[in-house]
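Data block for target09.pdb (PDB, C-alpha atoms):
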MODEL        1
ATOM      1  CA  MET A  19      -0.654   2.433 -19.349
ATOM      2  CA  PRO A  20      -3.968   0.530 -19.560
ATOM      3  CA  THR A  21      -7.021   1.723 -17.644
ATOM      4  CA  ILE A  22     -10.029  -0.235 -16.432
ATOM      5  CA  GLU A  23     -13.334   1.380 -15.466
ATOM      6  CA  LEU A  24     -14.491   0.109 -12.084
ATOM      7  CA  SER A  25     -17.503   1.083  -9.983
ATOM      8  CA  ALA A  26     -15.523   3.857  -8.237
ATOM      9  CA  GLY A  27     -13.935   5.212 -11.411
ATOM     10  CA  PRO A  28     -11.003   4.578 -13.800
ATOM     11  CA  ILE A  29      -8.026   2.627 -12.439
ATOM     12  CA  ASP A  30      -4.645   2.717 -14.193
ATOM     13  CA  TYR A  31      -2.445  -0.342 -13.937
ATOM     14  CA  VAL A  32       0.766  -1.900 -15.162
ATOM     15  CA  ASP A  33       0.687  -5.501 -16.391
ATOM     16  CA  THR A  34       3.942  -7.140 -17.443
ATOM     17  CA  GLY A  35       1.971  -9.958 -19.083
ATOM     18  CA  GLY A  36       3.078 -13.502 -19.712
ATOM     19  CA  ALA A  37       1.850 -16.903 -18.620
ATOM     20  CA  GLY A  38       3.748 -17.042 -15.319
ATOM     21  CA  PRO A  39       2.225 -16.962 -11.832
ATOM     22  CA  VAL A  40       0.425 -13.688 -11.131
ATOM     23  CA  VAL A  41       1.778 -11.298  -8.508
ATOM     24  CA  VAL A  42      -0.338  -8.239  -7.671
ATOM     25  CA  PHE A  43       1.446  -5.368  -5.925
ATOM     26  CA  THR A  44      -0.366  -2.677  -3.973
ATOM     27  CA  HIS A  45       1.136   0.600  -2.793
ATOM     28  CA  GLY A  46       1.121   3.231  -0.071
ATOM     29  CA  PHE A  47      -0.437   6.649   0.489
ATOM     30  CA  PRO A  48      -0.115   8.646  -1.689
ATOM     31  CA  MET A  49       2.102   6.511  -3.897
ATOM     32  CA  ASN A  50       1.749   4.587  -7.126
ATOM     33  CA  GLU A  51       3.185   1.628  -9.008
ATOM     34  CA  THR A  52       6.700   3.111  -9.039
ATOM     35  CA  GLN A  53       6.986   2.031  -5.418
ATOM     36  CA  TRP A  54       7.944  -1.374  -6.920
ATOM     37  CA  ARG A  55      10.137  -0.138  -9.782
ATOM     38  CA  LYS A  56      13.269  -1.760  -8.292
ATOM     39  CA  VAL A  57      11.653  -5.117  -7.475
ATOM     40  CA  VAL A  58       9.560  -6.046 -10.523
ATOM     41  CA  PRO A  59      12.568  -6.336 -12.896
ATOM     42  CA  LEU A  60      14.045  -8.862 -10.456
ATOM     43  CA  LEU A  61      11.089 -11.232 -10.893
ATOM     44  CA  PRO A  62      11.486 -12.624 -14.431
ATOM     45  CA  GLY A  63       8.941 -15.233 -15.417
ATOM     46  CA  TYR A  64       6.164 -13.742 -13.291
ATOM     47  CA  ARG A  65       3.178 -11.747 -14.466
ATOM     48  CA  CYS A  66       3.345  -8.638 -12.311
ATOM     49  CA  VAL A  67       0.193  -6.508 -12.072
ATOM     50  CA  LEU A  68       0.342  -3.121 -10.351
ATOM     51  CA  PRO A  69      -2.892  -1.125  -9.983
ATOM     52  CA  THR A  70      -2.721   2.509  -8.953
ATOM     53  CA  LEU A  71      -5.511   2.694  -6.414
ATOM     54  CA  PRO A  72      -7.154   6.016  -5.441
ATOM     55  CA  LEU A  73      -4.948   6.723  -2.426
ATOM     56  CA  GLY A  74      -4.007  10.197  -3.619
ATOM     57  CA  ALA A  75      -1.414   9.575  -6.341
ATOM     58  CA  HIS A  76      -3.920   8.276  -8.897
ATOM     59  CA  ARG A  77      -3.938  10.194 -12.162
ATOM     60  CA  LYS A  78      -7.690  10.227 -12.848
ATOM     61  CA  PRO A  79     -10.259  11.242 -10.214
ATOM     62  CA  MET A  80     -12.903   8.870  -8.938
ATOM     63  CA  HIS A  81     -16.651   9.414  -9.091
ATOM     64  CA  ARG A  82     -17.840  11.931  -6.502
ATOM     65  CA  ASP A  83     -19.872   9.270  -4.651
ATOM     66  CA  ALA A  84     -17.117   6.621  -4.647
ATOM     67  CA  ASP A  85     -16.464   4.800  -1.374
ATOM     68  CA  LEU A  86     -12.768   5.477  -0.787
ATOM     69  CA  SER A  87     -12.670   4.339   2.829
ATOM     70  CA  GLN A  88     -10.288   1.644   4.031
ATOM     71  CA  ARG A  89     -12.992  -0.968   3.459
ATOM     72  CA  GLY A  90     -14.077   0.591   0.172
ATOM     73  CA  GLN A  91     -10.531   0.567  -1.186
ATOM     74  CA  ALA A  92     -10.102  -3.098  -0.241
ATOM     75  CA  LEU A  93     -13.340  -4.004  -2.013
ATOM     76  CA  LEU A  94     -12.222  -1.967  -5.029
ATOM     77  CA  LEU A  95      -9.047  -4.050  -5.168
ATOM     78  CA  GLY A  96     -11.187  -7.190  -5.099
ATOM     79  CA  GLU A  97     -13.280  -5.790  -7.952
ATOM     80  CA  PHE A  98     -10.083  -5.113  -9.897
ATOM     81  CA  LEU A  99      -8.928  -8.730  -9.511
ATOM     82  CA  ALA A 100     -12.329  -9.983 -10.630
ATOM     83  CA  ARG A 101     -12.601  -7.697 -13.658
ATOM     84  CA  LEU A 102      -9.167  -8.798 -14.904
ATOM     85  CA  GLY A 103     -10.081 -12.425 -14.257
ATOM     86  CA  LEU A 104      -7.065 -12.936 -12.002
ATOM     87  CA  THR A 105      -7.071 -16.062  -9.830
ATOM     88  CA  ASP A 106      -4.627 -17.717  -7.449
ATOM     89  CA  VAL A 107      -2.719 -14.446  -7.228
ATOM     90  CA  THR A 108       0.024 -13.617  -4.792
ATOM     91  CA  LEU A 109      -1.076 -10.319  -3.270
ATOM     92  CA  VAL A 110       1.800  -8.160  -2.003
ATOM     93  CA  LEU A 111       1.280  -5.229   0.397
ATOM     94  CA  ASN A 112       3.684  -2.574   1.588
ATOM     95  CA  ASP A 113       2.988   0.506   3.732
ATOM     96  CA  TRP A 114      -0.804   0.612   3.285
ATOM     97  CA  GLY A 115      -2.377  -2.325   5.109
ATOM     98  CA  GLY A 116      -5.919  -2.076   3.765
ATOM     99  CA  PRO A 117      -5.752  -5.039   1.353
ATOM    100  CA  GLN A 118      -5.833  -7.275   4.441
ATOM    101  CA  PHE A 119      -9.499  -6.373   4.692
ATOM    102  CA  LEU A 120     -10.269  -8.496   1.635
ATOM    103  CA  VAL A 121      -9.856 -11.365   4.092
ATOM    104  CA  SER A 122     -12.027  -9.836   6.810
ATOM    105  CA  GLU A 123     -14.697  -9.079   4.196
ATOM    106  CA  GLY A 124     -14.635 -12.652   2.893
ATOM    107  CA  ARG A 125     -13.488 -11.460  -0.555
ATOM    108  CA  ALA A 126     -10.064 -13.135  -0.751
ATOM    109  CA  ASP A 127     -11.144 -16.077  -2.898
ATOM    110  CA  ARG A 128      -8.876 -14.960  -5.757
ATOM    111  CA  VAL A 129      -5.834 -14.705  -3.474
ATOM    112  CA  GLY A 130      -3.692 -17.823  -3.289
ATOM    113  CA  ARG A 131      -0.834 -16.330  -1.264
ATOM    114  CA  LEU A 132      -0.392 -13.184   0.750
ATOM    115  CA  VAL A 133       2.760 -11.142   1.367
ATOM    116  CA  LEU A 134       2.689  -8.359   3.961
ATOM    117  CA  VAL A 135       5.762  -6.157   3.767
ATOM    118  CA  ALA A 136       6.135  -3.679   6.659
ATOM    119  CA  CYS A 137       2.536  -2.484   6.503
ATOM    120  CA  GLU A 138      -0.180  -1.065   8.712
ATOM    121  CA  ALA A 139      -1.699  -3.683  10.981
ATOM    122  CA  PHE A 140      -3.869  -4.082  14.057
ATOM    123  CA  ASP A 141      -4.677  -0.532  15.291
ATOM    124  CA  ASN A 142      -1.729   1.154  13.540
ATOM    125  CA  PHE A 143      -3.896   2.876  10.883
ATOM    126  CA  PRO A 144      -2.273   5.290  10.178
ATOM    127  CA  PRO A 145       1.044   5.086  12.075
ATOM    128  CA  PRO A 146       1.442   7.764  14.788
ATOM    129  CA  PRO A 147       3.815  10.005  12.758
ATOM    130  CA  ALA A 148       1.191  10.229  10.001
ATOM    131  CA  ARG A 149      -1.808  10.942  12.227
ATOM    132  CA  PRO A 150      -1.381  14.719  12.296
ATOM    133  CA  LEU A 151      -1.525  14.699   8.479
ATOM    134  CA  ALA A 152      -4.726  12.649   8.587
ATOM    135  CA  LEU A 153      -6.267  15.107  11.049
ATOM    136  CA  LEU A 154      -5.144  18.023   8.903
ATOM    137  CA  ALA A 155      -7.033  16.563   5.930
ATOM    138  CA  ARG A 156     -10.338  17.265   7.710
ATOM    139  CA  ALA A 157      -9.966  21.034   7.422
ATOM    140  CA  PRO A 158     -11.110  22.843   4.241
ATOM    141  CA  GLY A 159      -8.169  23.655   1.983
ATOM    142  CA  SER A 160      -5.777  21.617   4.107
ATOM    143  CA  VAL A 161      -4.884  19.084   1.415
ATOM    144  CA  TRP A 162      -4.017  21.930  -0.955
ATOM    145  CA  LEU A 163      -1.669  23.292   1.718
ATOM    146  CA  LEU A 164      -0.207  19.845   2.406
ATOM    147  CA  MET A 165       0.634  19.291  -1.242
ATOM    148  CA  ARG A 166       2.385  22.658  -1.395
ATOM    149  CA  LEU A 167       4.423  21.773   1.675
ATOM    150  CA  LEU A 168       5.366  18.454   0.095
ATOM    151  CA  ARG A 169       6.955  20.337  -2.782
ATOM    152  CA  THR A 170       9.637  21.589  -0.375
ATOM    153  CA  LYS A 171      12.664  19.424   0.377
ATOM    154  CA  PHE A 172      12.569  20.283   4.079
ATOM    155  CA  PHE A 173       9.013  19.012   4.560
ATOM    156  CA  ARG A 174       9.023  15.996   2.241
ATOM    157  CA  HIS A 175      12.318  14.625   3.593
ATOM    158  CA  ASN A 176      11.459  15.221   7.229
ATOM    159  CA  GLU A 177      11.497  12.006   9.262
ATOM    160  CA  LYS A 178       7.916  12.672  10.346
ATOM    161  CA  THR A 179       6.767  12.602   6.716
ATOM    162  CA  TYR A 180       8.262  10.734   3.747
ATOM    163  CA  GLY A 181      11.798  10.992   5.094
ATOM    164  CA  GLY A 182      10.785   8.468   7.735
ATOM    165  CA  LEU A 183       9.722   5.786   5.263
ATOM    166  CA  ALA A 184      13.009   4.852   3.574
ATOM    167  CA  LYS A 185      16.282   4.635   5.462
ATOM    168  CA  HIS A 186      18.281   5.454   2.347
ATOM    169  CA  GLY A 187      15.899   8.090   1.039
ATOM    170  CA  ILE A 188      13.390   8.369  -1.783
ATOM    171  CA  PRO A 189      14.585  10.213  -4.904
ATOM    172  CA  ASP A 190      12.905  13.551  -5.529
ATOM    173  CA  PRO A 191      11.725  12.600  -9.044
ATOM    174  CA  VAL A 192       9.824   9.650  -7.526
ATOM    175  CA  LEU A 193       8.252  11.867  -4.866
ATOM    176  CA  ASP A 194       7.408  14.468  -7.521
ATOM    177  CA  ASP A 195       5.531  11.779  -9.452
ATOM    178  CA  TRP A 196       3.622  10.640  -6.357
ATOM    179  CA  PHE A 197       2.599  14.141  -5.347
ATOM    180  CA  ALA A 198       1.858  15.604  -8.798
ATOM    181  CA  PRO A 199      -1.775  14.433  -9.259
ATOM    182  CA  ALA A 200      -3.043  15.888  -5.965
ATOM    183  CA  THR A 201      -0.951  19.018  -6.454
ATOM    184  CA  ARG A 202      -2.574  19.907  -9.766
ATOM    185  CA  ASP A 203      -6.100  18.446  -9.504
ATOM    186  CA  ARG A 204      -8.761  19.479  -6.975
ATOM    187  CA  ALA A 205     -10.742  16.277  -7.588
ATOM    188  CA  ILE A 206      -7.717  14.128  -6.735
ATOM    189  CA  ARG A 207      -7.305  16.147  -3.528
ATOM    190  CA  ARG A 208     -10.956  15.415  -2.732
ATOM    191  CA  ASP A 209     -10.301  11.692  -3.181
ATOM    192  CA  LEU A 210      -7.143  11.851  -1.065
ATOM    193  CA  ALA A 211      -9.020  13.561   1.758
ATOM    194  CA  LYS A 212     -11.860  11.028   1.638
ATOM    195  CA  PHE A 213      -9.393   8.216   2.158
ATOM    196  CA  ALA A 214      -7.258  10.036   4.737
ATOM    197  CA  VAL A 215     -10.171  10.606   7.121
ATOM    198  CA  SER A 216     -11.770   7.175   6.659
ATOM    199  CA  THR A 217      -9.955   5.057   9.225
ATOM    200  CA  PRO A 218     -12.436   3.347  11.560
ATOM    201  CA  ASP A 219     -11.939   3.322  15.302
ATOM    202  CA  ARG A 220      -9.631   0.955  17.147
ATOM    203  CA  ASP A 221     -12.300  -1.602  18.087
ATOM    204  CA  VAL A 222     -13.396  -1.987  14.470
ATOM    205  CA  LEU A 223      -9.809  -2.356  13.248
ATOM    206  CA  LEU A 224      -9.051  -5.051  15.801
ATOM    207  CA  ARG A 225     -12.278  -6.877  14.989
ATOM    208  CA  TRP A 226     -11.359  -6.894  11.300
ATOM    209  CA  THR A 227      -7.824  -8.033  12.102
ATOM    210  CA  ALA A 228      -9.071 -10.966  14.175
ATOM    211  CA  ARG A 229     -10.686 -12.390  11.039
ATOM    212  CA  LEU A 230      -7.313 -12.710   9.321
ATOM    213  CA  SER A 231      -6.893 -16.080  10.998
ATOM    214  CA  ASP A 232      -9.543 -17.363   8.565
ATOM    215  CA  PHE A 233      -6.998 -17.121   5.718
ATOM    216  CA  ASP A 234      -5.575 -20.643   5.521
ATOM    217  CA  ARG A 235      -3.239 -20.207   2.538
ATOM    218  CA  PRO A 236       0.501 -19.409   2.639
ATOM    219  CA  VAL A 237       1.410 -16.027   4.128
ATOM    220  CA  LEU A 238       4.815 -14.361   4.149
ATOM    221  CA  VAL A 239       5.366 -11.481   6.549
ATOM    222  CA  VAL A 240       8.424  -9.355   5.734
ATOM    223  CA  TRP A 241       9.401  -6.754   8.297
ATOM    224  CA  ALA A 242      12.159  -4.217   8.872
ATOM    225  CA  PRO A 243      13.523  -4.441  12.447
ATOM    226  CA  GLU A 244      14.548  -0.761  12.317
ATOM    227  CA  ASP A 245      11.159   0.456  11.068
ATOM    228  CA  ARG A 246       9.936   3.633  12.758
ATOM    229  CA  MET A 247       6.397   3.497  11.395
ATOM    230  CA  MET A 248       5.397  -0.164  11.689
ATOM    231  CA  PRO A 249       6.198  -1.729  15.095
ATOM    232  CA  VAL A 250       8.472  -4.772  14.972
ATOM    233  CA  SER A 251       6.063  -6.605  17.258
ATOM    234  CA  HIS A 252       3.334  -6.293  14.615
ATOM    235  CA  GLY A 253       5.322  -8.346  12.124
ATOM    236  CA  ARG A 254       5.722 -11.143  14.638
ATOM    237  CA  ARG A 255       2.076 -10.980  15.703
ATOM    238  CA  LEU A 256       0.882 -11.116  12.081
ATOM    239  CA  ALA A 257       3.012 -14.168  11.328
ATOM    240  CA  GLU A 258       1.493 -15.907  14.366
ATOM    241  CA  LEU A 259      -2.058 -14.824  13.499
ATOM    242  CA  PHE A 260      -2.147 -16.502  10.092
ATOM    243  CA  PRO A 261      -2.243 -20.335  10.202
ATOM    244  CA  GLY A 262       0.257 -20.465   7.320
ATOM    245  CA  GLY A 263       2.281 -17.431   8.388
ATOM    246  CA  ARG A 264       6.059 -17.116   8.236
ATOM    247  CA  LEU A 265       8.217 -14.133   9.205
ATOM    248  CA  VAL A 266      11.361 -12.858   7.491
ATOM    249  CA  GLU A 267      13.126  -9.754   8.790
ATOM    250  CA  ILE A 268      15.215  -7.613   6.430
ATOM    251  CA  ALA A 269      17.852  -5.405   8.000
ATOM    252  CA  ASP A 270      19.067  -1.960   6.931
ATOM    253  CA  SER A 271      15.607  -0.797   5.919
ATOM    254  CA  TRP A 272      12.611   1.128   7.162
ATOM    255  CA  THR A 273       9.008   0.801   5.947
ATOM    256  CA  LEU A 274       9.714   0.981   2.210
ATOM    257  CA  VAL A 275      11.693  -2.235   1.964
ATOM    258  CA  PRO A 276      11.302  -2.244  -1.853
ATOM    259  CA  GLU A 277      13.129   1.090  -1.863
ATOM    260  CA  ASP A 278      15.840   0.289   0.686
ATOM    261  CA  GLN A 279      16.508  -3.419   0.041
ATOM    262  CA  PRO A 280      14.995  -4.422  -3.331
ATOM    263  CA  ASP A 281      17.476  -7.209  -4.050
ATOM    264  CA  ARG A 282      16.956  -8.932  -0.714
ATOM    265  CA  LEU A 283      13.190  -8.486  -0.932
ATOM    266  CA  ALA A 284      13.099  -9.948  -4.451
ATOM    267  CA  GLU A 285      15.162 -12.915  -3.235
ATOM    268  CA  VAL A 286      12.705 -13.555  -0.398
ATOM    269  CA  LEU A 287       9.756 -13.245  -2.779
ATOM    270  CA  ARG A 288      11.252 -15.706  -5.262
ATOM    271  CA  GLU A 289      11.676 -18.241  -2.463
ATOM    272  CA  PHE A 290       8.015 -17.858  -1.481
ATOM    273  CA  LEU A 291       6.284 -17.533  -4.863
ATOM    274  CA  PRO A 292       5.136 -20.501  -6.940
ATOM    275  CA  ALA A 293       7.895 -21.550  -9.322
ATOM    276  CA  ALA A 294       7.996 -19.641 -12.618
ATOM    277  CA  ALA A 295       8.349 -21.671 -15.791
TER     278      ALA A 295
ENDMDL
END
Output the structure of this file as structure tokens.
Amino acid sequence: MPTIELSAGPIDYVDTGGAGPVVVFTHGFPMNETQWRKVVPLLPGYRCVLPTLPLGAHRKPMHRDADLSQRGQALLLGEFLARLGLTDVTLVLNDWGGPQFLVSEGRADRVGRLVLVACEAFDNFPPPPARPLALLARAPGSVWLLMRLLRTKFFRHNEKTYGGLAKHGIPDPVLDDWFAPATRDRAIRRDLAKFAVSTPDRDVLLRWTARLSDFDRPVLVVWAPEDRMMPVSHGRRLAELFPGGRLVEIADSWTLVPEDQPDRLAEVLREFLPAAA
């Protein structure tokens, strides 16, 4: 897996290559590129780029002084696009909503299209079921304890943790991969905690969200009507907020639509993406 050294530290990424339209996939907390393992093979002809951002499942720690806040992570994503020379990309979000802030920060010039799949929005950072975990991360040694709890099937599959993200479940080997870096590495746990406690207050989030209406390029909002983490009303509000917004709802799924309904999601993406050669 290639690595690029950015201002915050080394970022691993997957790049399928090719001359087709570029699709950049981001991921949730703490997850990595395998969040999209079922979808990418269904997009032949596209250059799919999947960075593993420092949300807690990254394999190499960031610099001690790195800004890993919601805003800092969004700017890091923008730096990643610039360093790889990617332009006119379709940026795809799921679960973590921070990449939206590229728009509010005026750094979305390399983004030609935006896809928001059942993600944090408005003041839902993080969703209510995840807030106790974010509060826990403030206490010394708490992330170490959290990662040990996530090794147990009872805790990881509980509907208030990762069991509430995918209606049809997330395989244990995938969860093991997501949780391994922070389980074994104190520096990764430090990075995870920095991000987990970084959410600004409600007024700031809503002020940032209001700026999304400045994005005048095509936007696809994909939502799961049964989602327990991301309110259904948020999908509809997002589609109305963007001038070029359109909403598609995918049934029989919760937040991780790429896990629950990869075929349907890939079909919707192919309809929205620029045509591949």
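Note that the spacing between atom CA of Glu277 of chain A and atom CA of Leu86 of chain A amounts to 26.3 Å.
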Closest of A:Arg220, A:Arg282, A:Arg65, A:Arg131 to Pro144 of chain A, counting only C-alpha atoms, is A:Arg220
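Shell of segment 259-271 of chain A at 7 Å, with all atoms listed in the file counted and residues fewer than 5 places along the chain excluded, is Ala184, Lys185, Leu230, Ser231, Phe233, Asp234, Arg235, Pro236, Val237, Leu238, Val239, Val240, Trp241, Ala242, Pro243, Glu244, Asp245, Arg254, Asp278 and Gln279 of chain A.
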Taken to one decimal, the atom CA of Val42 of chain A-atom CA of Ser25 of chain A distance is 19.7 Å
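Atom to atom, atom CA of Thr217 of chain A and atom CA of Phe140 of chain A stand 12.0 Å apart.
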(Q) For the PyMOL selection byres ((chain A and resi 95) around 12), applied here, can you spell out every residue it catches as a PyMOL selection string? (A) chain A and resi 22+24-26+29+31+42-45+67-73+86+88-94+96-102+104+109+111+116-121+125-126+128-129
Which centre and which edge lengths, in Å to one decimal, describe the axis-aligned box that holds all listed atoms of segment 135-148 of chain A after 3 Å is added on each side, as AutoDock Vina command-line options?
--center_x 0.7 --center_y 2.0 --center_z 9.5 --size_x 16.8 --size_y 22.4 --size_z 17.5
